[in-house]
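Shown next, in structure tokens, is the structure this report addresses.
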Amino acid sequence: MDDELKELADLMFPNVTKTVLDYEKMYPERNLKEGAIVTRFAPSPTGFVHMGSLLSAFEGYKAARDTDGIFYLRIEDTDQKRSIENGISGILNDLKNVDIVPDEGMIGENKSIGEYGPYIQSERMEIYHAFAKELVLRGLAYPCFCSSEELDEIREIQELNKERIGYYGSFAKCRNMDIKEAIERIKKGEEFVVRLKSPGDFNKKIVLHDLVRGDIEFPENDLDIVLIKSTDKLPTYHFAHLVDDHLMRTTHIMRGEDWVASFPIHDQLFSIFGFEKPKYAHLGLVMKIDETGTRRKLSKRKDPEASVEYYHKEGIPKEAVKLYLMTIANSNFEEWLDNNPGDDFTDFKFDFKKVSASGTLFDVSKLLNISKNYFSRQKASTIYDNLLNWTLEFDKEFHDLLVKYKDYSIKIFNIERETEKPRKDYTSYSSIRSFVFYMYDELFQNPKYEDTKITNKEDIATILNTYYDEYLDLSNKDVWFAKVKEMCDKLGYASNIKDYKKNPDNYKGNVSDVTGVIRVSLTSKTNTPDLYEIMKLLGKERIKERFTKYLNSNK
RNA sequence: GGUCUGUUGGUGAAGCGGUUAACACAUCACCCUCUCAAGGUGACAUUCACGGGUUCAAACCCCGUACAGACUACCA
């Protein structure tokens, strides 16, 4: 009997030279301080990183940092149909955009660091096979020759009879196949998958502990799940999870809620091998409301905002993205941030208990608000530097102007900034141009002037000409405004708005109407930052030019 | 069909047996003001999906129902 099993196992895995025990020795337990969390981000190299994946990566990274643990990157390329070229660089890049750099694992397309590799699953074939072989030897795994047609048939029957779907019990045709027969069929060259001979009983209950959800009761797993696939001989996720996370000595598995259903399978696998079980945290999914008004999980394919790269393109600062991720990761973070203002949250401790179990709606306006506050805290020179980087990639025209007028640009960004109550208008690097374009003559060629309260052309001409000739004084803000008021009195506009409100009929308008004309002529917009600051930067000459330009326009 | 999870305002949520049901975003109003942004003040859930039960007392505990989501692949 044992000889037969050995013959079968050797036939199934002819290239295995090492045993599970050998690997145990090769990858010993990590020597880390008490409580250190070892966790990982294990994406498929299918292109960009999804917001939901990023959230779990971020939480894992934070948890590892907080405990002086290890955060490593492992690539799950067992589904080779979906893998793409240079997928790893893309992932690394997306992570880097939010300042996540793995401590271990893949650090480049073909580069890795750490003692627990290889960190690409397709390079770990022998290891998986050694583990699977041991299972066969122990009579806990077997070759299954069922074709996909046969499997479909089983499924149909189960659906028809309203029975549980899956390969288990009497539906598991190959489970009790005579070993001799199995050997014969393999010798004949028949294709097979390796299935677990599940020792579980569906009628028995087990209680599994989840770090965010608490105890969950499940029936035991009795599905003879596939361990090794037939065509490429690569492991399924379940089996790779067992082998890799055990051998890489992962302490915490942080993954999406969509995995809770397979929790019993994983627990069973660890039990069978007698390995120490990692702790699990199943994170709530990131959702969105779609056009039909229903909540659903953010989709890589349908939702552009699901990709991390999207925020990079939009010019949302990585600090804001991080702050936002942290606020949805831990519900007590916002409060903490209020008490510890700034952008740095290394002192905030990530807490599994404060992770929401229900799916979170991805709230773009909240992100933008966080971003806006972030910008308000930055120095003009910092904004300049970062904007320079961003425009280099996404807005060449603006970039060139920033280079050409460096000091001038910083002064622009400094309007109403670095004060007690800094201006809050920039929401992203991409939005800045629309707030400042009028400060650059090159971008002010054909402005679309917004409407002013005062519409009479002659009145407008009178205001602008009188102002320029007699009242334009930029020596300081008080003088500047006093002069504006003085002119208002002279031309019949109320210099005091309260007076105007009392007796509107006594005046042609009020100061705000007058400054409105000046503002639009200079900037084309009715809403801008402090007019005096703008005028000071523009200088008298350009003010004159713009007045003329405005008067000659159709407005 | 089966298994699991979730459900507190427009949104993110706090609360976990006795609270005026925090806080933040959004929205609205007023104040401030050269226009905005910001800031200030205030409004915004008589009620925690629904129906029962336990209790002196329930958003919090129990049962049922509804709805939503995930999983149910040789995808992860």
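Chain labels follow the order of the structure tokens: the first chain is A, the next B, and so on; residue numbering restarts at 1 in every chain, and ligands are counted from 1 in their shown order.
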Could you list, with a cut-off of 12 Å and counting only C-alpha atoms (C1' of nucleotides), the residues of chain B near chain A, each shown with its nearest atom pair and the distance in Å rounded to one decimal, rows sorted by chain and ascending number, as a tab-separated table?
residue	atom	partner	partner_atom	distance
B:G1	C1'	A:Lys162	CA	5.0
B:G2	C1'	A:Arg164	CA	5.3
B:U3	C1'	A:Ala261	CA	7.2
B:C4	C1'	A:Ala261	CA	6.0
B:U5	C1'	A:Ser358	CA	8.0
B:G6	C1'	A:Ser358	CA	5.4
B:U7	C1'	A:Ser358	CA	8.8
B:G10	C1'	A:Asp363	CA	11.8
B:U11	C1'	A:Asp363	CA	7.0
B:G12	C1'	A:Asp363	CA	7.5
B:A13	C1'	A:Ser331	CA	6.9
B:A14	C1'	A:Ser331	CA	8.2
B:A22	C1'	A:Glu335	CA	10.6
B:C23	C1'	A:Glu335	CA	7.2
B:A24	C1'	A:Glu334	CA	7.3
B:C25	C1'	A:Lys366	CA	5.4
B:A26	C1'	A:Ser365	CA	7.8
B:U33	C1'	A:Ser512	CA	9.9
B:C34	C1'	A:Ser512	CA	5.1
B:U35	C1'	A:Asn527	CA	5.2
B:C36	C1'	A:Asn527	CA	4.4
B:A37	C1'	A:Lys424	CA	5.4
B:A38	C1'	A:Arg423	CA	5.6
B:G39	C1'	A:Lys421	CA	7.5
B:C67	C1'	A:Thr294	CA	11.5
B:A68	C1'	A:Arg295	CA	7.7
B:G69	C1'	A:Arg296	CA	7.2
B:A70	C1'	A:Asp258	CA	4.9
B:C71	C1'	A:Ala261	CA	5.2
B:U72	C1'	A:Ile165	CA	6.8
B:A73	C1'	A:Val226	CA	9.7
B:C74	C1'	A:Lys229	CA	4.5
B:C75	C1'	A:Asp79	CA	6.8
B:A76	C1'	A:Tyr237	CA	6.5
Save out the residues we just selected, C-alpha atoms (C1' of nucleotides), as a PDB file, in the first residue's frame.
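Okay, this is what ended up in out_25.pdb:
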ATOM      1  C1'   G B   1     -29.731  26.935  -4.241  1.00  0.00           C
ATOM      2  C1'   G B   2     -25.678  26.898  -0.306  1.00  0.00           C
ATOM      3  C1'   U B   3     -22.046  29.485   2.989  1.00  0.00           C
ATOM      4  C1'   C B   4     -20.554  33.943   5.202  1.00  0.00           C
ATOM      5  C1'   U B   5     -20.742  39.211   6.118  1.00  0.00           C
ATOM      6  C1'   G B   6     -22.958  43.796   6.577  1.00  0.00           C
ATOM      7  C1'   U B   7     -27.281  47.520   7.401  1.00  0.00           C
ATOM      8  C1'   G B  10     -26.586  62.956   1.350  1.00  0.00           C
ATOM      9  C1'   U B  11     -21.335  60.598   2.585  1.00  0.00           C
ATOM     10  C1'   G B  12     -17.453  58.564   5.986  1.00  0.00           C
ATOM     11  C1'   A B  13     -18.609  57.152  10.705  1.00  0.00           C
ATOM     12  C1'   A B  14     -18.496  57.324  16.817  1.00  0.00           C
ATOM     13  C1'   A B  22     -19.855  62.416  18.993  1.00  0.00           C
ATOM     14  C1'   C B  23     -16.909  64.044  15.078  1.00  0.00           C
ATOM     15  C1'   A B  24     -15.616  64.996   9.880  1.00  0.00           C
ATOM     16  C1'   C B  25     -17.078  65.890   4.669  1.00  0.00           C
ATOM     17  C1'   A B  26     -21.110  67.724   1.836  1.00  0.00           C
ATOM     18  C1'   U B  33     -15.429  90.880   3.669  1.00  0.00           C
ATOM     19  C1'   C B  34     -12.922  94.561  -2.422  1.00  0.00           C
ATOM     20  C1'   U B  35     -14.595  89.297  -5.034  1.00  0.00           C
ATOM     21  C1'   C B  36     -13.643  84.418  -3.758  1.00  0.00           C
ATOM     22  C1'   A B  37     -11.391  80.652  -0.685  1.00  0.00           C
ATOM     23  C1'   A B  38     -10.949  80.428   4.358  1.00  0.00           C
ATOM     24  C1'   G B  39     -12.857  81.596   9.168  1.00  0.00           C
ATOM     25  C1'   C B  67     -32.381  44.468   1.641  1.00  0.00           C
ATOM     26  C1'   A B  68     -27.310  44.771   0.097  1.00  0.00           C
ATOM     27  C1'   G B  69     -22.525  42.615  -0.702  1.00  0.00           C
ATOM     28  C1'   A B  70     -18.875  38.679  -1.085  1.00  0.00           C
ATOM     29  C1'   C B  71     -17.784  33.676  -2.098  1.00  0.00           C
ATOM     30  C1'   U B  72     -19.667  29.200  -4.313  1.00  0.00           C
ATOM     31  C1'   A B  73     -13.477  28.176 -10.923  1.00  0.00           C
ATOM     32  C1'   C B  74      -7.731  24.095 -12.842  1.00  0.00           C
ATOM     33  C1'   C B  75      -9.048  33.636 -11.079  1.00  0.00           C
ATOM     34  C1'   A B  76      -6.841  35.785  -7.430  1.00  0.00           C
TER      35        A B  76
END
Where in region 13-114 of chain A does DSSP assign alpha helix (DSSP H), given as a PDB file with N, CA and C atoms, in the first residue's frame?
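Below is the file that was written, out_8.pdb:
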ATOM      1  N   VAL A  20       9.410  18.614   2.684  1.00  0.00           N
ATOM      2  CA  VAL A  20       8.880  19.742   3.443  1.00  0.00           C
ATOM      3  C   VAL A  20       9.848  20.116   4.568  1.00  0.00           C
ATOM      4  N   LEU A  21      10.379  19.104   5.178  1.00  0.00           N
ATOM      5  CA  LEU A  21      11.317  19.347   6.275  1.00  0.00           C
ATOM      6  C   LEU A  21      12.552  20.131   5.819  1.00  0.00           C
ATOM      7  N   ASP A  22      13.038  19.787   4.624  1.00  0.00           N
ATOM      8  CA  ASP A  22      14.174  20.524   4.078  1.00  0.00           C
ATOM      9  C   ASP A  22      13.853  22.009   3.983  1.00  0.00           C
ATOM     10  N   TYR A  23      12.668  22.268   3.512  1.00  0.00           N
ATOM     11  CA  TYR A  23      12.275  23.678   3.351  1.00  0.00           C
ATOM     12  C   TYR A  23      12.081  24.361   4.696  1.00  0.00           C
ATOM     13  N   GLU A  24      11.586  23.604   5.645  1.00  0.00           N
ATOM     14  CA  GLU A  24      11.442  24.152   6.996  1.00  0.00           C
ATOM     15  C   GLU A  24      12.788  24.668   7.500  1.00  0.00           C
ATOM     16  N   LYS A  25      13.825  23.903   7.184  1.00  0.00           N
ATOM     17  CA  LYS A  25      15.155  24.299   7.641  1.00  0.00           C
ATOM     18  C   LYS A  25      15.705  25.469   6.842  1.00  0.00           C
ATOM     19  N   MET A  26      15.392  25.458   5.555  1.00  0.00           N
ATOM     20  CA  MET A  26      15.892  26.546   4.709  1.00  0.00           C
ATOM     21  C   MET A  26      15.302  27.907   5.083  1.00  0.00           C
ATOM     22  N   MET A  51      -7.523  50.523  -5.980  1.00  0.00           N
ATOM     23  CA  MET A  51      -7.639  51.301  -4.740  1.00  0.00           C
ATOM     24  C   MET A  51      -7.858  50.394  -3.521  1.00  0.00           C
ATOM     25  N   GLY A  52      -8.674  49.367  -3.692  1.00  0.00           N
ATOM     26  CA  GLY A  52      -8.925  48.448  -2.589  1.00  0.00           C
ATOM     27  C   GLY A  52      -7.665  47.690  -2.206  1.00  0.00           C
ATOM     28  N   SER A  53      -6.904  47.269  -3.214  1.00  0.00           N
ATOM     29  CA  SER A  53      -5.654  46.568  -2.921  1.00  0.00           C
ATOM     30  C   SER A  53      -4.692  47.516  -2.242  1.00  0.00           C
ATOM     31  N   LEU A  54      -4.672  48.741  -2.736  1.00  0.00           N
ATOM     32  CA  LEU A  54      -3.752  49.719  -2.158  1.00  0.00           C
ATOM     33  C   LEU A  54      -4.081  49.929  -0.687  1.00  0.00           C
ATOM     34  N   LEU A  55      -5.366  49.981  -0.392  1.00  0.00           N
ATOM     35  CA  LEU A  55      -5.774  50.163   1.000  1.00  0.00           C
ATOM     36  C   LEU A  55      -5.223  49.036   1.866  1.00  0.00           C
ATOM     37  N   SER A  56      -5.361  47.793   1.397  1.00  0.00           N
ATOM     38  CA  SER A  56      -4.863  46.703   2.235  1.00  0.00           C
ATOM     39  C   SER A  56      -3.339  46.708   2.295  1.00  0.00           C
ATOM     40  N   ALA A  57      -2.697  47.079   1.193  1.00  0.00           N
ATOM     41  CA  ALA A  57      -1.245  47.188   1.201  1.00  0.00           C
ATOM     42  C   ALA A  57      -0.824  48.252   2.211  1.00  0.00           C
ATOM     43  N   PHE A  58      -1.528  49.347   2.176  1.00  0.00           N
ATOM     44  CA  PHE A  58      -1.216  50.468   3.047  1.00  0.00           C
ATOM     45  C   PHE A  58      -1.387  50.091   4.517  1.00  0.00           C
ATOM     46  N   GLU A  59      -2.461  49.403   4.808  1.00  0.00           N
ATOM     47  CA  GLU A  59      -2.717  48.991   6.182  1.00  0.00           C
ATOM     48  C   GLU A  59      -1.645  47.997   6.644  1.00  0.00           C
ATOM     49  N   GLY A  60      -1.275  47.094   5.741  1.00  0.00           N
ATOM     50  CA  GLY A  60      -0.245  46.131   6.086  1.00  0.00           C
ATOM     51  C   GLY A  60       1.084  46.827   6.338  1.00  0.00           C
ATOM     52  N   TYR A  61       1.385  47.757   5.477  1.00  0.00           N
ATOM     53  CA  TYR A  61       2.632  48.501   5.595  1.00  0.00           C
ATOM     54  C   TYR A  61       2.684  49.250   6.923  1.00  0.00           C
ATOM     55  N   LYS A  62       1.572  49.883   7.227  1.00  0.00           N
ATOM     56  CA  LYS A  62       1.488  50.655   8.467  1.00  0.00           C
ATOM     57  C   LYS A  62       1.613  49.741   9.699  1.00  0.00           C
ATOM     58  N   ALA A  63       0.926  48.618   9.644  1.00  0.00           N
ATOM     59  CA  ALA A  63       0.978  47.683  10.770  1.00  0.00           C
ATOM     60  C   ALA A  63       2.411  47.178  10.975  1.00  0.00           C
ATOM     61  N   ALA A  64       3.088  46.891   9.872  1.00  0.00           N
ATOM     62  CA  ALA A  64       4.472  46.410   9.965  1.00  0.00           C
ATOM     63  C   ALA A  64       5.378  47.500  10.527  1.00  0.00           C
ATOM     64  N   ARG A  65       5.198  48.733  10.036  1.00  0.00           N
ATOM     65  CA  ARG A  65       6.006  49.849  10.524  1.00  0.00           C
ATOM     66  C   ARG A  65       5.801  50.071  12.019  1.00  0.00           C
ATOM     67  N   ASP A  66       4.556  50.030  12.437  1.00  0.00           N
ATOM     68  CA  ASP A  66       4.238  50.300  13.842  1.00  0.00           C
ATOM     69  C   ASP A  66       4.891  49.311  14.791  1.00  0.00           C
ATOM     70  N   GLY A  87       4.655  44.088 -15.264  1.00  0.00           N
ATOM     71  CA  GLY A  87       3.622  44.296 -14.260  1.00  0.00           C
ATOM     72  C   GLY A  87       4.202  44.672 -12.910  1.00  0.00           C
ATOM     73  N   ILE A  88       5.353  44.164 -12.604  1.00  0.00           N
ATOM     74  CA  ILE A  88       5.938  44.408 -11.286  1.00  0.00           C
ATOM     75  C   ILE A  88       6.361  45.862 -11.123  1.00  0.00           C
ATOM     76  N   SER A  89       6.994  46.395 -12.149  1.00  0.00           N
ATOM     77  CA  SER A  89       7.403  47.806 -12.062  1.00  0.00           C
ATOM     78  C   SER A  89       6.200  48.702 -11.838  1.00  0.00           C
ATOM     79  N   GLY A  90       5.117  48.368 -12.534  1.00  0.00           N
ATOM     80  CA  GLY A  90       3.895  49.165 -12.383  1.00  0.00           C
ATOM     81  C   GLY A  90       3.414  49.151 -10.945  1.00  0.00           C
ATOM     82  N   ILE A  91       3.421  47.982 -10.352  1.00  0.00           N
ATOM     83  CA  ILE A  91       2.978  47.853  -8.963  1.00  0.00           C
ATOM     84  C   ILE A  91       3.894  48.625  -8.029  1.00  0.00           C
ATOM     85  N   LEU A  92       5.185  48.438  -8.214  1.00  0.00           N
ATOM     86  CA  LEU A  92       6.167  49.133  -7.379  1.00  0.00           C
ATOM     87  C   LEU A  92       5.992  50.653  -7.484  1.00  0.00           C
ATOM     88  N   ASN A  93       5.732  51.067  -8.700  1.00  0.00           N
ATOM     89  CA  ASN A  93       5.561  52.488  -8.943  1.00  0.00           C
ATOM     90  C   ASN A  93       4.316  53.044  -8.242  1.00  0.00           C
ATOM     91  N   ASP A  94       3.224  52.297  -8.353  1.00  0.00           N
ATOM     92  CA  ASP A  94       1.997  52.722  -7.681  1.00  0.00           C
ATOM     93  C   ASP A  94       2.192  52.785  -6.170  1.00  0.00           C
ATOM     94  N   LEU A  95       2.923  51.828  -5.644  1.00  0.00           N
ATOM     95  CA  LEU A  95       3.178  51.829  -4.201  1.00  0.00           C
ATOM     96  C   LEU A  95       4.051  53.016  -3.819  1.00  0.00           C
ATOM     97  N   LYS A  96       5.029  53.271  -4.655  1.00  0.00           N
ATOM     98  CA  LYS A  96       5.953  54.351  -4.373  1.00  0.00           C
ATOM     99  C   LYS A  96       5.238  55.705  -4.381  1.00  0.00           C
TER     100      LYS A  96
END
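Residues in contact with region 343-353 of chain A at 8 Å, where only C-alpha atoms (C1' of nucleotides) are counted and same-chain residues fewer than 3 positions away are skipped, are listed as Glu59, Lys62, Ala63, Asp66, Leu211, Val212, Ala281, Glu319, Leu323, Asn330, Phe333, Trp336, Leu337 and Tyr374 of chain A.
When C1' of U20 (chain B) is paired with C1' of C60 (chain B), their separation reads 18.1 Å.
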Shell of 12 Å around G40 (chain B), only C-alpha atoms (C1' of nucleotides), local chain residues under 3 positions omitted, as a ChimeraX atom specification: /B:30-32
Å distance separating CA of Ser198 (chain A) from CA of Met177 (chain A), one decimal place: 14.8 Å
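Our summary of the geometry notes that CA of Gln121 (chain A) is positioned 6.3 Å from CA of Ile75 (chain A).
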All strand (DSSP E) residues (DSSP, backbone) inside region 72-301 of chain A, as an MDAnalysis selection string: chainID A and resid 72:73 104:108 111:113 141:144 193:196 205:210 214:219 226:228 252:256 279:283 286:289 295:297
Expected file contents, prior selection, N, CA and C atoms, as a tab-separated table (two decimals), in the first residue's frame:
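Contents of the output file part-v3.tsv:
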chain	number	residue	atom	x	y	z
A	72	TYR	N	6.52	42.75	2.98
A	72	TYR	CA	7.20	42.32	1.76
A	72	TYR	C	6.24	42.20	0.58
A	73	LEU	N	6.81	42.24	-0.60
A	73	LEU	CA	6.01	42.16	-1.83
A	73	LEU	C	6.24	40.82	-2.51
A	104	GLU	N	11.15	43.91	1.82
A	104	GLU	CA	11.64	42.62	1.37
A	104	GLU	C	10.80	42.18	0.18
A	105	GLY	N	11.32	41.22	-0.56
A	105	GLY	CA	10.57	40.71	-1.70
A	105	GLY	C	10.97	41.42	-2.97
A	106	MET	N	10.04	41.53	-3.90
A	106	MET	CA	10.37	42.11	-5.18
A	106	MET	C	10.62	43.61	-5.05
A	107	ILE	N	11.73	44.04	-5.62
A	107	ILE	CA	12.02	45.47	-5.62
A	107	ILE	C	12.28	45.98	-7.03
A	108	GLY	N	12.11	45.10	-7.99
A	108	GLY	CA	12.27	45.47	-9.39
A	108	GLY	C	11.71	44.35	-10.24
A	111	LYS	N	14.32	41.83	-9.72
A	111	LYS	CA	15.18	42.00	-8.55
A	111	LYS	C	14.40	41.76	-7.27
A	112	SER	N	15.06	41.12	-6.32
A	112	SER	CA	14.41	40.96	-5.04
A	112	SER	C	15.45	41.00	-3.94
A	113	ILE	N	14.97	41.27	-2.72
A	113	ILE	CA	15.87	41.20	-1.57
A	113	ILE	C	15.19	40.35	-0.50
A	141	ALA	N	-3.95	13.79	-0.51
A	141	ALA	CA	-4.15	14.44	-1.80
A	141	ALA	C	-4.14	13.36	-2.86
A	142	TYR	N	-4.79	13.64	-3.96
A	142	TYR	CA	-4.88	12.61	-4.99
A	142	TYR	C	-5.00	13.25	-6.37
A	143	PRO	N	-4.65	12.51	-7.40
A	143	PRO	CA	-4.81	13.04	-8.74
A	143	PRO	C	-6.27	12.92	-9.17
A	144	CYS	N	-6.75	13.95	-9.85
A	144	CYS	CA	-8.13	13.93	-10.32
A	144	CYS	C	-8.11	14.11	-11.83
A	193	VAL	N	-5.31	17.04	-12.24
A	193	VAL	CA	-5.03	18.08	-11.25
A	193	VAL	C	-4.79	17.35	-9.93
A	194	VAL	N	-4.17	18.07	-8.98
A	194	VAL	CA	-3.99	17.46	-7.67
A	194	VAL	C	-5.03	18.07	-6.74
A	195	ARG	N	-5.82	17.21	-6.13
A	195	ARG	CA	-6.86	17.70	-5.22
A	195	ARG	C	-6.56	17.29	-3.80
A	196	LEU	N	-7.03	18.12	-2.90
A	196	LEU	CA	-6.94	17.82	-1.48
A	196	LEU	C	-7.98	16.75	-1.15
A	205	LYS	N	-19.20	22.24	12.93
A	205	LYS	CA	-18.93	23.68	12.90
A	205	LYS	C	-17.55	23.98	13.46
A	206	ILE	N	-16.93	25.00	12.90
A	206	ILE	CA	-15.70	25.49	13.50
A	206	ILE	C	-15.84	26.98	13.70
A	207	VAL	N	-15.15	27.50	14.65
A	207	VAL	CA	-15.17	28.94	14.89
A	207	VAL	C	-13.78	29.49	14.59
A	208	LEU	N	-13.73	30.45	13.68
A	208	LEU	CA	-12.46	31.04	13.30
A	208	LEU	C	-12.43	32.50	13.75
A	209	HIS	N	-11.27	32.92	14.14
A	209	HIS	CA	-11.17	34.30	14.64
A	209	HIS	C	-10.61	35.25	13.59
A	210	ASP	N	-11.31	36.32	13.40
A	210	ASP	CA	-10.85	37.34	12.47
A	210	ASP	C	-10.57	38.61	13.26
A	214	GLY	N	-14.06	39.54	14.51
A	214	GLY	CA	-14.27	38.70	15.68
A	214	GLY	C	-14.46	37.26	15.28
A	215	ASP	N	-15.17	36.49	16.12
A	215	ASP	CA	-15.35	35.07	15.83
A	215	ASP	C	-16.41	34.87	14.75
A	216	ILE	N	-16.10	33.98	13.83
A	216	ILE	CA	-17.07	33.65	12.78
A	216	ILE	C	-17.25	32.14	12.77
A	217	GLU	N	-18.50	31.71	12.73
A	217	GLU	CA	-18.76	30.28	12.71
A	217	GLU	C	-18.94	29.79	11.28
A	218	PHE	N	-18.25	28.72	10.95
A	218	PHE	CA	-18.37	28.12	9.61
A	218	PHE	C	-18.59	26.63	9.74
A	219	PRO	N	-19.16	26.03	8.68
A	219	PRO	CA	-19.10	24.58	8.60
A	219	PRO	C	-17.66	24.21	8.22
A	226	VAL	N	-8.78	22.12	-5.60
A	226	VAL	CA	-7.60	21.89	-6.43
A	226	VAL	C	-6.39	22.53	-5.77
A	227	LEU	N	-5.32	21.77	-5.70
A	227	LEU	CA	-4.08	22.28	-5.11
A	227	LEU	C	-3.12	22.70	-6.22
A	228	ILE	N	-2.99	21.80	-7.20
A	228	ILE	CA	-2.09	22.04	-8.33
A	228	ILE	C	-2.89	21.92	-9.62
A	252	HIS	N	0.63	37.93	9.78
A	252	HIS	CA	-0.71	38.49	9.60
A	252	HIS	C	-1.11	38.50	8.13
A	253	ILE	N	-2.28	37.94	7.86
A	253	ILE	CA	-2.81	37.98	6.51
A	253	ILE	C	-3.86	39.07	6.45
A	254	MET	N	-3.56	40.11	5.69
A	254	MET	CA	-4.54	41.18	5.54
A	254	MET	C	-5.01	41.16	4.11
A	255	ARG	N	-6.30	40.93	3.94
A	255	ARG	CA	-6.82	40.80	2.59
A	255	ARG	C	-8.26	41.24	2.58
A	256	GLY	N	-8.83	41.33	1.39
A	256	GLY	CA	-10.20	41.80	1.24
A	256	GLY	C	-11.22	40.81	1.80
A	279	LYS	N	-2.47	35.09	11.73
A	279	LYS	CA	-3.71	35.80	12.11
A	279	LYS	C	-4.30	36.41	10.85
A	280	TYR	N	-5.60	36.45	10.81
A	280	TYR	CA	-6.27	36.96	9.62
A	280	TYR	C	-7.04	38.23	9.90
A	281	ALA	N	-6.97	39.17	8.97
A	281	ALA	CA	-7.80	40.38	9.05
A	281	ALA	C	-8.47	40.54	7.69
A	282	HIS	N	-9.77	40.35	7.66
A	282	HIS	CA	-10.49	40.53	6.40
A	282	HIS	C	-11.08	41.93	6.36
A	283	LEU	N	-10.53	42.71	5.48
A	283	LEU	CA	-10.87	44.12	5.39
A	283	LEU	C	-12.12	44.37	4.55
A	286	VAL	N	-13.73	48.28	-0.77
A	286	VAL	CA	-13.96	49.67	-1.16
A	286	VAL	C	-15.04	49.67	-2.23
A	287	MET	N	-16.10	50.41	-1.97
A	287	MET	CA	-17.26	50.37	-2.86
A	287	MET	C	-17.45	51.70	-3.58
A	288	LYS	N	-18.34	51.67	-4.56
A	288	LYS	CA	-18.78	52.91	-5.14
A	288	LYS	C	-20.25	52.75	-5.48
A	289	ILE	N	-20.90	53.88	-5.69
A	289	ILE	CA	-22.30	53.81	-6.11
A	289	ILE	C	-22.29	53.99	-7.62
A	295	ARG	N	-24.82	50.01	-4.71
A	295	ARG	CA	-23.48	49.93	-4.16
A	295	ARG	C	-22.80	48.70	-4.71
A	296	ARG	N	-21.59	48.86	-5.16
A	296	ARG	CA	-20.88	47.66	-5.57
A	296	ARG	C	-19.39	47.90	-5.41
A	297	LYS	N	-18.67	46.81	-5.48
A	297	LYS	CA	-17.24	46.94	-5.24
A	297	LYS	C	-16.60	47.70	-6.40
Selection near G53 (chain B), 12 Å with only C-alpha atoms (C1' of nucleotides), sequence-local residues under 3 positions removed, as an MDAnalysis selection string: chainID B and resid 58 61:64
Output file for the selection above: N, CA and C atoms (P, O5', C5', C4', C3', O3' and C1' of nucleotides), as an mmCIF file, in the first residue's frame:
data_model
loop_
_atom_site.group_PDB
_atom_site.id
_atom_site.type_symbol
_atom_site.label_atom_id
_atom_site.label_comp_id
_atom_site.auth_asym_id
_atom_site.auth_seq_id
_atom_site.Cartn_x
_atom_site.Cartn_y
_atom_site.Cartn_z
ATOM 1 P P A B 58 -35.853 50.110 26.186
ATOM 2 O "O5'" A B 58 -34.246 50.043 25.992
ATOM 3 C "C5'" A B 58 -33.457 51.201 25.656
ATOM 4 C "C4'" A B 58 -32.594 50.840 24.467
ATOM 5 C "C3'" A B 58 -33.486 50.551 23.273
ATOM 6 O "O3'" A B 58 -33.354 51.518 22.253
ATOM 7 C "C1'" A B 58 -32.081 48.650 23.821
ATOM 8 P P C B 61 -25.404 44.053 20.250
ATOM 9 O "O5'" C B 61 -26.137 43.171 21.377
ATOM 10 C "C5'" C B 61 -25.376 42.488 22.366
ATOM 11 C "C4'" C B 61 -26.284 41.518 23.072
ATOM 12 C "C3'" C B 61 -27.175 40.691 22.155
ATOM 13 O "O3'" C B 61 -26.485 39.553 21.662
ATOM 14 C "C1'" C B 61 -28.499 41.601 23.881
ATOM 15 P P C B 62 -26.877 38.938 20.285
ATOM 16 O "O5'" C B 62 -28.239 38.180 20.618
ATOM 17 C "C5'" C B 62 -28.247 37.029 21.455
ATOM 18 C "C4'" C B 62 -29.654 36.482 21.503
ATOM 19 C "C3'" C B 62 -30.282 36.258 20.140
ATOM 20 O "O3'" C B 62 -29.909 35.007 19.611
ATOM 21 C "C1'" C B 62 -31.797 37.446 21.502
ATOM 22 P P C B 63 -29.845 34.826 18.034
ATOM 23 O "O5'" C B 63 -31.382 34.701 17.651
ATOM 24 C "C5'" C B 63 -32.155 33.564 18.052
ATOM 25 C "C4'" C B 63 -33.583 33.776 17.642
ATOM 26 C "C3'" C B 63 -33.789 34.099 16.168
ATOM 27 O "O3'" C B 63 -33.775 32.942 15.360
ATOM 28 C "C1'" C B 63 -35.068 35.597 17.464
ATOM 29 P P G B 64 -33.289 33.094 13.858
ATOM 30 O "O5'" G B 64 -34.543 33.754 13.137
ATOM 31 C "C5'" G B 64 -35.733 33.019 12.907
ATOM 32 C "C4'" G B 64 -36.810 33.988 12.493
ATOM 33 C "C3'" G B 64 -36.573 34.687 11.161
ATOM 34 O "O3'" G B 64 -36.951 33.871 10.069
ATOM 35 C "C1'" G B 64 -37.264 36.270 12.764
#
Ala172 (chain A) environment, 9 Å, only C-alpha atoms (C1' of nucleotides), sequence neighbours closer than 4 positions dropped, as an MDAnalysis selection string: chainID A and resid 144 166:168 176 223:224
Surrounding residues of region 412-415 of chain A excluding itself and chain neighbours under 5 positions, 10 Å, only C-alpha atoms (C1' of nucleotides), as an MDAnalysis selection string: chainID A and resid 378:384 406:407 422:423 426 432 435:436 439 529:534 537:538
